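A quick write-up on the structure given underneath.
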Amino acid sequence: FTAEECDARAEVMLENYVTTLSIEVATLISMVDTAIVPACIKDLNLYATMPKLAGDRQKVYNAIQAEAAKLKTIAASRPKDLVADAKYLCDKVKPQMLAVRREVDAAEGLIDKDLYPYPTYEEMIYSH
């Protein structure tokens, strides 16, 4: 391969990576904002008359919103250069996506199963 061909291939791979991660970030934010947080609110309201029974729900649900807000801020600060953007997505955005995911996973174990808006891992694996 020529140097130009290698450079072109690298650029295509970077563009694919950036596009894929951009879609994943937007999807995660949308899922949290439109389904997870509303489910958390409904679940927490079930404990309005007996807040001591809510356990760590308030803390976990607040953490989801806090981590999602950080993700939005980090994602909005992406560089315009393709190589810098790919590195930023890898080094800054992906770790924050994992932070959001950790909190959502914790909430999955707390939210009333009838309120959880997505199939759980258990349902996906053992529903056959």
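Following the order of the structure tokens, chains are lettered A, B, ..., residues in each are numbered from 1, and ligands are numbered from 1.
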Show me a table, sorted first by chain and then by increasing residue number, of the residues of segment 10-60 of chain A having an atom at most 9 Å from segment 69-92 of chain A, each with its shortest atom pair and the distance in Å to one decimal, counting only C-alpha atoms and written as CSV.
residue,atom,partner,partner_atom,distance
A:Glu11,CA,A:Leu82,CA,8.2
A:Leu14,CA,A:Ala86,CA,6.5
A:Glu15,CA,A:Leu82,CA,7.2
A:Tyr17,CA,A:Ala86,CA,7.0
A:Val18,CA,A:Ala86,CA,5.7
A:Leu21,CA,A:Leu89,CA,7.2
A:Ser22,CA,A:Leu89,CA,8.4
A:Val25,CA,A:Ala75,CA,7.7
A:Ile29,CA,A:Lys72,CA,7.5
**OP:** For Glu122 of chain A, work out the shell of residues within 12 Å, counting only C-alpha atoms and skipping chain neighbours fewer than 4 positions away, then give it as a ChimeraX atom specification.
**Re:** /A:108-109,113,118,126-128
Create the file for the chosen residues now, containing N, CA and C atoms and written as a short mmCIF file (atom, residue, chain, number, x, y, z; two decimals), in the first residue's frame.
data_model
loop_
_atom_site.label_atom_id
_atom_site.label_comp_id
_atom_site.auth_asym_id
_atom_site.auth_seq_id
_atom_site.Cartn_x
_atom_site.Cartn_y
_atom_site.Cartn_z
N GLU A 108 -31.06 -0.48 37.97
CA GLU A 108 -31.80 -1.63 37.44
C GLU A 108 -32.17 -2.61 38.54
N GLY A 109 -31.29 -2.76 39.52
CA GLY A 109 -31.56 -3.67 40.62
C GLY A 109 -32.51 -3.10 41.67
N LYS A 113 -39.63 -3.87 38.82
CA LYS A 113 -39.45 -4.47 37.50
C LYS A 113 -40.53 -4.07 36.50
N TYR A 118 -36.62 -1.04 29.94
CA TYR A 118 -35.90 -1.87 28.97
C TYR A 118 -35.79 -3.29 29.50
N TYR A 126 -32.44 -15.22 29.53
CA TYR A 126 -33.24 -16.38 29.90
C TYR A 126 -34.68 -16.35 29.44
N SER A 127 -35.02 -15.50 28.51
CA SER A 127 -36.42 -15.38 28.10
C SER A 127 -36.81 -16.35 26.98
N HIS A 128 -35.91 -17.21 26.60
CA HIS A 128 -36.19 -18.14 25.48
C HIS A 128 -37.05 -19.28 25.92
#
Original post:
Of the candidates A:Glu103, A:Asp7, A:Asp112, A:Glu123, which shows the shortest atom-to-atom distance to Leu44 of chain A, using only C-alpha atoms?
Top reply: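 Nearest candidate to Leu44 of chain A out of A:Glu103, A:Asp7, A:Asp112, A:Glu123: A:Asp112.
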Subject >> Proximity to Val100 of chain A - best of A:Thr2, A:Ala48, A:Ile64, A:Gly55, only C-alpha atoms >> reply: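 Smallest distance to Val100 of chain A is found for A:Ile64.
Here atom CA of Asp33 of chain A stands at a distance of 16.1 Å from atom CA of Leu98 of chain A.
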Subject >> Of the listed residues A:Ala8, A:Ala106, A:Met50, A:Met124, that which approaches Ala63 of chain A most closely, counting only C-alpha atoms >> reply: A:Ala106
